[in-house]
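Chemist: My questions all concern the structure below.
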Amino acid sequence: MKVYQCKYCGVTLQSEGFPLSGGCPKNGTHAWLELCSDCLTVPKEDYSPYQCSKCGTLVYSRHIPYGAICPAGGIYSWNRLI
Ligand SMILES: [Zn+2]
Ligand SMILES: [Zn+2]
């Protein structure tokens, strides 16, 4: 599973394919950016939680997320929580 985040409203979504873009509260259409390619928005065994210290985004991933543009500005600052 991949996790996508909208660069406008910051919502995250897990999806195998590219998500639909409608319904963004900030921009009308979401602008999805891929955060990671083997990850989830909910906890699962063998997946580590990573949280961005700037925007608070939390994903469960097998590797550090690679999303480039943090909704809080600049690049993400990922911390592995356990
Ligand atoms: Zn959005
Ligand atoms: Zn962030």
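By convention in this document, the chains of the structure tokens carry letters A, B, ... by their order, each chain's residues are numbered from 1, and ligands are numbered from 1 in the order they are shown.
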What do you get as a PDB file with N, CA and C atoms, in the first residue's frame if you pick all residues at most 12 Å from ligand 2, counting only C-alpha atoms and all ligand atoms?
Modeler:
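Result file is out-v4.pdb:
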```pdb
ATOM      1  N   GLN A   5      -0.407  12.187   0.566  1.00  0.00           N
ATOM      2  CA  GLN A   5      -0.827  13.335   1.366  1.00  0.00           C
ATOM      3  C   GLN A   5      -1.091  14.514   0.445  1.00  0.00           C
ATOM      4  N   CYS A   6      -2.179  15.217   0.744  1.00  0.00           N
ATOM      5  CA  CYS A   6      -2.500  16.418  -0.030  1.00  0.00           C
ATOM      6  C   CYS A   6      -1.632  17.566   0.450  1.00  0.00           C
ATOM      7  N   LYS A   7      -0.954  18.224  -0.475  1.00  0.00           N
ATOM      8  CA  LYS A   7      -0.053  19.302  -0.062  1.00  0.00           C
ATOM      9  C   LYS A   7      -0.812  20.549   0.376  1.00  0.00           C
ATOM     10  N   TYR A   8      -2.104  20.622   0.103  1.00  0.00           N
ATOM     11  CA  TYR A   8      -2.892  21.786   0.521  1.00  0.00           C
ATOM     12  C   TYR A   8      -3.499  21.599   1.895  1.00  0.00           C
ATOM     13  N   CYS A   9      -4.279  20.527   2.095  1.00  0.00           N
ATOM     14  CA  CYS A   9      -5.001  20.364   3.361  1.00  0.00           C
ATOM     15  C   CYS A   9      -4.300  19.419   4.324  1.00  0.00           C
ATOM     16  N   GLY A  10      -3.312  18.649   3.861  1.00  0.00           N
ATOM     17  CA  GLY A  10      -2.527  17.797   4.743  1.00  0.00           C
ATOM     18  C   GLY A  10      -3.154  16.446   5.067  1.00  0.00           C
ATOM     19  N   VAL A  11      -4.339  16.143   4.515  1.00  0.00           N
ATOM     20  CA  VAL A  11      -4.975  14.865   4.807  1.00  0.00           C
ATOM     21  C   VAL A  11      -4.149  13.727   4.175  1.00  0.00           C
ATOM     22  N   THR A  12      -4.126  12.575   4.867  1.00  0.00           N
ATOM     23  CA  THR A  12      -3.415  11.425   4.316  1.00  0.00           C
ATOM     24  C   THR A  12      -4.411  10.324   3.965  1.00  0.00           C
ATOM     25  N   LEU A  35       3.918   9.638  -0.165  1.00  0.00           N
ATOM     26  CA  LEU A  35       4.802   9.720   1.002  1.00  0.00           C
ATOM     27  C   LEU A  35       5.721   8.515   1.129  1.00  0.00           C
ATOM     28  N   TYR A  50       6.287   6.553  11.864  1.00  0.00           N
ATOM     29  CA  TYR A  50       7.121   7.720  11.586  1.00  0.00           C
ATOM     30  C   TYR A  50       6.230   8.944  11.658  1.00  0.00           C
ATOM     31  N   GLN A  51       6.703   9.962  12.391  1.00  0.00           N
ATOM     32  CA  GLN A  51       5.916  11.181  12.502  1.00  0.00           C
ATOM     33  C   GLN A  51       6.764  12.381  12.100  1.00  0.00           C
ATOM     34  N   CYS A  52       6.135  13.281  11.344  1.00  0.00           N
ATOM     35  CA  CYS A  52       6.805  14.532  10.995  1.00  0.00           C
ATOM     36  C   CYS A  52       6.666  15.488  12.164  1.00  0.00           C
ATOM     37  N   SER A  53       7.789  16.009  12.655  1.00  0.00           N
ATOM     38  CA  SER A  53       7.747  16.884  13.821  1.00  0.00           C
ATOM     39  C   SER A  53       7.206  18.268  13.474  1.00  0.00           C
ATOM     40  N   LYS A  54       7.070  18.584  12.191  1.00  0.00           N
ATOM     41  CA  LYS A  54       6.578  19.902  11.794  1.00  0.00           C
ATOM     42  C   LYS A  54       5.058  19.919  11.642  1.00  0.00           C
ATOM     43  N   CYS A  55       4.500  18.946  10.917  1.00  0.00           N
ATOM     44  CA  CYS A  55       3.054  18.971  10.658  1.00  0.00           C
ATOM     45  C   CYS A  55       2.303  17.903  11.439  1.00  0.00           C
ATOM     46  N   GLY A  56       3.025  16.992  12.106  1.00  0.00           N
ATOM     47  CA  GLY A  56       2.365  15.971  12.903  1.00  0.00           C
ATOM     48  C   GLY A  56       1.862  14.773  12.130  1.00  0.00           C
ATOM     49  N   THR A  57       2.099  14.734  10.831  1.00  0.00           N
ATOM     50  CA  THR A  57       1.662  13.601  10.015  1.00  0.00           C
ATOM     51  C   THR A  57       2.302  12.313  10.519  1.00  0.00           C
ATOM     52  N   LEU A  58       1.459  11.273  10.658  1.00  0.00           N
ATOM     53  CA  LEU A  58       1.931   9.990  11.174  1.00  0.00           C
ATOM     54  C   LEU A  58       1.629   8.902  10.161  1.00  0.00           C
ATOM     55  N   VAL A  59       2.647   8.131   9.785  1.00  0.00           N
ATOM     56  CA  VAL A  59       2.445   6.987   8.899  1.00  0.00           C
ATOM     57  C   VAL A  59       3.163   5.779   9.491  1.00  0.00           C
ATOM     58  N   PRO A  65       9.731   7.544   5.252  1.00  0.00           N
ATOM     59  CA  PRO A  65       8.961   8.118   4.142  1.00  0.00           C
ATOM     60  C   PRO A  65       9.811   9.110   3.340  1.00  0.00           C
ATOM     61  N   TYR A  66       9.465   9.276   2.077  1.00  0.00           N
ATOM     62  CA  TYR A  66      10.283  10.131   1.217  1.00  0.00           C
ATOM     63  C   TYR A  66       9.537  11.346   0.683  1.00  0.00           C
ATOM     64  N   GLY A  67       8.341  11.587   1.212  1.00  0.00           N
ATOM     65  CA  GLY A  67       7.587  12.752   0.741  1.00  0.00           C
ATOM     66  C   GLY A  67       8.424  14.012   0.809  1.00  0.00           C
ATOM     67  N   ALA A  68       8.288  14.877  -0.166  1.00  0.00           N
ATOM     68  CA  ALA A  68       9.214  15.997  -0.301  1.00  0.00           C
ATOM     69  C   ALA A  68       8.688  17.305   0.267  1.00  0.00           C
ATOM     70  N   ILE A  69       7.392  17.529   0.232  1.00  0.00           N
ATOM     71  CA  ILE A  69       6.887  18.855   0.599  1.00  0.00           C
ATOM     72  C   ILE A  69       5.952  18.731   1.791  1.00  0.00           C
ATOM     73  N   CYS A  70       6.416  19.202   2.957  1.00  0.00           N
ATOM     74  CA  CYS A  70       5.616  19.160   4.177  1.00  0.00           C
ATOM     75  C   CYS A  70       4.524  20.227   4.111  1.00  0.00           C
ATOM     76  N   PRO A  71       3.280  19.871   4.501  1.00  0.00           N
ATOM     77  CA  PRO A  71       2.204  20.874   4.481  1.00  0.00           C
ATOM     78  C   PRO A  71       2.491  22.061   5.407  1.00  0.00           C
ATOM     79  N   ALA A  72       3.352  21.873   6.407  1.00  0.00           N
ATOM     80  CA  ALA A  72       3.705  22.967   7.311  1.00  0.00           C
ATOM     81  C   ALA A  72       4.791  23.862   6.725  1.00  0.00           C
ATOM     82  N   GLY A  73       5.326  23.488   5.554  1.00  0.00           N
ATOM     83  CA  GLY A  73       6.347  24.288   4.901  1.00  0.00           C
ATOM     84  C   GLY A  73       7.688  23.588   4.875  1.00  0.00           C
ATOM     85  N   GLY A  74       8.391  23.725   3.768  1.00  0.00           N
ATOM     86  CA  GLY A  74       9.711  23.112   3.640  1.00  0.00           C
ATOM     87  C   GLY A  74       9.623  21.615   3.465  1.00  0.00           C
ATOM     88  N   ILE A  75      10.655  20.904   3.928  1.00  0.00           N
ATOM     89  CA  ILE A  75      10.672  19.459   3.796  1.00  0.00           C
ATOM     90  C   ILE A  75      10.264  18.809   5.118  1.00  0.00           C
ATOM     91  N   TYR A  76       9.838  17.559   5.041  1.00  0.00           N
ATOM     92  CA  TYR A  76       9.431  16.821   6.237  1.00  0.00           C
ATOM     93  C   TYR A  76      10.611  16.612   7.184  1.00  0.00           C
ATOM     94  N   SER A  77      10.274  16.480   8.456  1.00  0.00           N
ATOM     95  CA  SER A  77      11.266  16.134   9.462  1.00  0.00           C
ATOM     96  C   SER A  77      10.784  14.874  10.164  1.00  0.00           C
ATOM     97  N   TRP A  78      11.104  13.701   9.568  1.00  0.00           N
ATOM     98  CA  TRP A  78      10.561  12.442  10.063  1.00  0.00           C
ATOM     99  C   TRP A  78      11.307  11.923  11.263  1.00  0.00           C
ATOM    100  N   ASN A  79      10.563  11.469  12.269  1.00  0.00           N
ATOM    101  CA  ASN A  79      11.141  10.803  13.423  1.00  0.00           C
ATOM    102  C   ASN A  79      10.510   9.434  13.561  1.00  0.00           C
TER     103      ASN A  79
END
```
Chemist: Give me, as a ChimeraX atom specification, the residues of region 2-66 of chain A that a backbone DSSP run labels strand (DSSP E).
Modeler: /A:2-6,12-15,22-24,28-29,32-36,39-40,48-52,58-61
Chemist: For ligand 1, which residue among A:Ser37, A:Ser48, A:Asn27, A:Gln14 is the nearest when counting only C-alpha atoms and all ligand atoms?
Modeler: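 Among A:Ser37, A:Ser48, A:Asn27, A:Gln14, it is A:Asn27 that comes nearest to ligand 1.
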Chemist: Considering only C-alpha atoms, return as a list in words whatever protein or nucleic-acid residues lie within 8 Å of Tyr4 (chain A), sequence-local ones (same chain, fewer than 4 positions apart) excluded.
Modeler: Thr12, Leu13, Gln14, Ser15, Pro19, Trp32, Leu33, Glu34, Leu35 and Cys36 of chain A
Chemist: Between CA of Ser61 (chain A) and CA of Tyr47 (chain A), what is the distance in Å, rounded to a tenth?
Modeler: 4.9 Å
Chemist: For a test of reading the model, state the distance in Å between CA of Arg80 (chain A) and CA of Pro43 (chain A), rounded to one decimal.
Modeler: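 CA of Arg80 (chain A) sits 13.4 Å away from CA of Pro43 (chain A).
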Chemist: Counting only C-alpha atoms and all ligand atoms, which of A:Cys24, A:Met1, A:Cys39, A:Ile64 gets nearest to ligand 1?
Modeler: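 For ligand 1, the nearest of the given residues is A:Cys24.
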Chemist: Quote the spacing between atom 1 (Zn, counted along the ligand's line) of ligand 1 and CA of Arg62 (chain A) in Å to one decimal place.
Modeler: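 Taking atom 1 (Zn, counted along the ligand's line) of ligand 1 as the start and CA of Arg62 (chain A) as the end point, the length is 25.1 Å.
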